[in-house]
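The block underneath contains the structure these notes are about, expressed in structure tokens.
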Amino acid sequence: MKTTASLDEAMTGRVFTPGDEDYDRVRRVWNGTIDITPAVIARCRDTEDVVRAVEFALDHNLDVSIRGGGHNVAGTALVEDGLVIDLTEMREVEIDADRRVARVQGGATLADVDGATFEYGLVTPSGFISDTGIAGLALKGGMGHTMRRFGLTCDNIVAVRLVTSDGEVRRVTEDDTDLMWALRGGPLDLGVVTEFEFRLHPIESEVRLILSAFPAEEGVEMNRFLTELMDDAPRELGLVSFYASFPDDDDLPREIRDREAIVLFGMYSGDRDGEVVASIVEHPHSLADMGGWMSYPEAQSVLDEEYPDGMRYYWKSLYLDDVDDEVLQIIDRYGRDRPSPETTLDLWTMGGAVEDFGADKSAFAGRNASYMVAIEANWVDADDDEGCIRWAREVFDALRPYSRGGIYMNFPGSREERNDAIDQLDDPVLERLRTVRDGIDPHRLFTPA
Ligand SMILES: Cc1cc2nc3c(=O)[nH]c(=O)nc-3n(C[C@H](O)[C@H](O)[C@H](O)COP(=O)(O)OP(=O)(O)OC[C@H]3O[C@@H](n4cnc5c(N)ncnc54)[C@H](O)[C@@H]3O)c2cc1C
């Protein structure tokens with residue numbers, strides 16, 4: 001391979017290769033189980049740098065990965081022996097309040113976006129943890145507190161600046177019907193998005209964060225309460241449940257210290273008189289209400305500390321149309337028998353604006369599902385790798401017979417499991433995706449398969 005010095009000279013950003021002092025720090029991603037050693041990490045500062053990196057990869061026949069926020073649980077931001085196009089330093093956000101559009105660089109985090117948009121009383125929907133990258137989240141879907149009101153993050157992409165494998169810079173808009181369809185939640189990488197334009201929506205100055213704990217023994221009943229409530233809840237309410245362990249921590253309400261619980265977690269962005277909030281936080285089984293009215297960015301980041309960089313993670317997912325007693329019992333059994341205190345078992349409710357968005361406008365596969373189960377094995381010690389991963393796979397296998405098929409590509413399990421899930425997509429969808437891919441990435445630089 002020609003020396004990377006030529007790439008380093010051509011870029012304003014920096015190039016890292018094995019042996020460089022900072023290489024090991026720069027190749028680290030959020031998930032501590034990921035240990036991938038790329039040949040080159042091109043830390044780009046602007047779109048031109050990305051073009052140079054793409055050209056270099058093609059000239060030298062290198063496999064490529066794209067790093068936005070580095071939070072993909074399967075570590076897809078990195079590629080063994082290949083070239084990482086790293087956008088970590090491209091985090092600017094500009095607001096066009098008149099057009100209600102945010103222009104967001106491809107390495108921005110959810111916090112970068114929320115902080116900038118909220119200054120104008122506007123938001124675009126995104127996920128629960130604010131240091132997640134917006135790029136990976138948006139391109140594969142984007143589920144969060146306000147999705148039932150404003151749609152998935154991908155539904156709110158109105159345009160992107162895309163660097164293609166030919167090194168061209170294209171502005172893709174909603175007029176590029178097929179390409180925009182594939183970019184909105186499709187599983188294939190089609191190029192490097194250096195800038196998104198997201199649609200913005202007005203939001204109230206304060207929203208009600210819901211973070212209420214109930215005894216784990218009431219798990220089945222509370223999940224039934226959740227699903228019945230969400231059947232006809234206002235779209236301003238987003239709500240999920242998860243089984244969790246609370247530590248013996250003086251900062252926590254006494255009622256939940258050192259206790260197994262099921263938590264209802266969500267956001268209500270309606271008016272303060274909404275009775276629906278009271279029905280949750282004043283539920284007779286409630287142990288503690290740790291939520292309250294607060295600004296949207298605050299509510300978006302309350303659980304950030306629960307997901308530290310470098311801890312060990314393995315997350316899977318599946319979609320359900322219906323949650324009957326059998327399903328609730330399975331969730332309860334595994335929810336109360338988790339392999340580590342950090343692990344959670346989550347039931348997400350969907351619907352509302354997610355369902356309304358036209359399937360022909362987005363390749364997101366789980367759009368019409370009513371629920372998603374997120375199986376989050378989280379742990380500290382490498383010795384627990386096997387047991388935690390086994391538990392997650394067992395939950396997945398136990399629920400699979402009840403699932404409508406498909407997984408959420410942002411909670412894919414391992415890289416191999418993600419690739420298998422892509423192969424199992426409906427034929428017409430896969431065929432359309434591959435046709436788009438062959439048009440925009442004839443070199444198969446971004447998605448080899
Ligand atoms: C703590 C935590 C909480 C989460 N919560 C939620 C949640 O509430 N809702 C939800 O929907 N998801 C959630 N996720 C999942 C999240 O959406 C994915 O992990 C997503 O991949 C993160 O994006 P990233 O840019 O940080 O990832 P990266 O690892 O940087 O990238 C992942 C993949 O995205 C693509 N990609 C990234 N950047 C670009 C780009 N600029 N151009 C083109 N392709 C790109 C590439 O395929 C890349 O392999 C959460 C993840 C974590 C770690």
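Within each chain, counting starts at residue 1; across the structure tokens, chains are named A, B, ... in the order shown, with ligands numbered 1 upward in that order.
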Could you build a table of the residues in region 306-400 of chain A lying no more than 7 Å from region 72-84 of chain A, giving for each the nearest pair of atoms and their separation in Å rounded to one decimal place, using only C-alpha atoms, ordered by chain and ascending residue number, as a Markdown table?
| residue | atom | partner | partner_atom | distance |
| --- | --- | --- | --- | --- |
| A:Tyr313 | CA | A:Val73 | CA | 6.7 |
| A:Tyr314 | CA | A:Val73 | CA | 6.5 |
| A:Trp315 | CA | A:Val73 | CA | 6.8 |
**Prompt:** Once you count only C-alpha atoms and all ligand atoms, which residues end up within 7 Å of ligand 1, and could you hand them over as a PyMOL selection string?
**Reply:** chain A and resi 30+65-73+75-77+87+106-107+126-129+132-139+141-144+189+191-194+307+410-411
Output of the above residues as an mmCIF file, in the first residue's frame, restricted to C-alpha atoms:
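What landed in selection_3.cif:
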data_model
loop_
_atom_site.group_PDB
_atom_site.id
_atom_site.type_symbol
_atom_site.label_atom_id
_atom_site.label_comp_id
_atom_site.auth_asym_id
_atom_site.auth_seq_id
_atom_site.Cartn_x
_atom_site.Cartn_y
_atom_site.Cartn_z
ATOM 1 C CA TRP A 30 -18.484 3.140 22.981
ATOM 2 C CA SER A 65 -16.389 1.872 7.538
ATOM 3 C CA ILE A 66 -18.031 5.135 8.562
ATOM 4 C CA ARG A 67 -17.913 6.477 12.097
ATOM 5 C CA GLY A 68 -20.496 9.010 13.211
ATOM 6 C CA GLY A 69 -20.887 8.968 16.996
ATOM 7 C CA GLY A 70 -19.193 5.563 17.433
ATOM 8 C CA HIS A 71 -22.164 4.176 19.383
ATOM 9 C CA ASN A 72 -23.242 1.251 17.237
ATOM 10 C CA VAL A 73 -23.361 -1.711 19.595
ATOM 11 C CA GLY A 75 -18.980 -1.812 16.372
ATOM 12 C CA THR A 76 -19.813 -1.184 12.721
ATOM 13 C CA ALA A 77 -18.013 2.177 12.932
ATOM 14 C CA LEU A 87 -16.500 12.176 11.451
ATOM 15 C CA GLY A 106 -22.405 13.777 10.236
ATOM 16 C CA GLY A 107 -20.463 13.409 13.502
ATOM 17 C CA SER A 126 -34.281 11.275 18.272
ATOM 18 C CA GLY A 127 -33.209 8.700 20.886
ATOM 19 C CA PHE A 128 -33.010 8.372 24.667
ATOM 20 C CA ILE A 129 -29.300 8.860 25.375
ATOM 21 C CA THR A 132 -25.386 8.759 20.818
ATOM 22 C CA GLY A 133 -24.438 9.821 17.277
ATOM 23 C CA ILE A 134 -27.297 11.255 15.249
ATOM 24 C CA ALA A 135 -25.964 9.860 11.936
ATOM 25 C CA GLY A 136 -26.139 6.140 12.674
ATOM 26 C CA LEU A 137 -29.342 6.571 14.650
ATOM 27 C CA ALA A 138 -31.100 8.524 11.894
ATOM 28 C CA LEU A 139 -29.931 6.466 8.930
ATOM 29 C CA GLY A 141 -34.392 4.584 11.974
ATOM 30 C CA GLY A 142 -34.255 6.673 15.136
ATOM 31 C CA MET A 143 -36.749 5.819 17.868
ATOM 32 C CA GLY A 144 -37.337 7.914 20.952
ATOM 33 C CA ASP A 189 -24.612 2.020 3.690
ATOM 34 C CA GLY A 191 -22.153 6.742 1.000
ATOM 35 C CA VAL A 192 -20.949 9.139 3.671
ATOM 36 C CA VAL A 193 -23.458 11.696 4.900
ATOM 37 C CA THR A 194 -21.445 14.768 5.819
ATOM 38 C CA TYR A 307 -24.415 3.861 29.552
ATOM 39 C CA ASN A 410 -29.648 -0.151 15.458
ATOM 40 C CA PHE A 411 -29.939 -2.980 18.031
#
**Item:** One-decimal distance in Å that lies between CA of Ser212 (chain A) and CA of Met290 (chain A)
**Value:** 5.9 Å
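Closest to Leu303 (chain A) among A:Glu394, A:Asp131, A:Val436, A:Ser340 is A:Asp131, based on only C-alpha atoms.
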**Message:** Ranking A:Ser370, A:Thr37, A:Thr3, A:Thr12 by minimum distance to Val51 (chain A) and counting only C-alpha atoms, which one comes first?
**Reply:**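 Between A:Ser370, A:Thr37, A:Thr3, A:Thr12, the residue approaching Val51 (chain A) most closely is A:Thr12.
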**Request:** Run DSSP on the backbone and give me the residues of region 177-411 of chain A it puts in helix (DSSP H, G or I), as a PyMOL selection string.
**Result:** chain A and resi 177-183+216-231+254-256+275-281+296-299+304-306+325-335+353-356+359-361+382-402
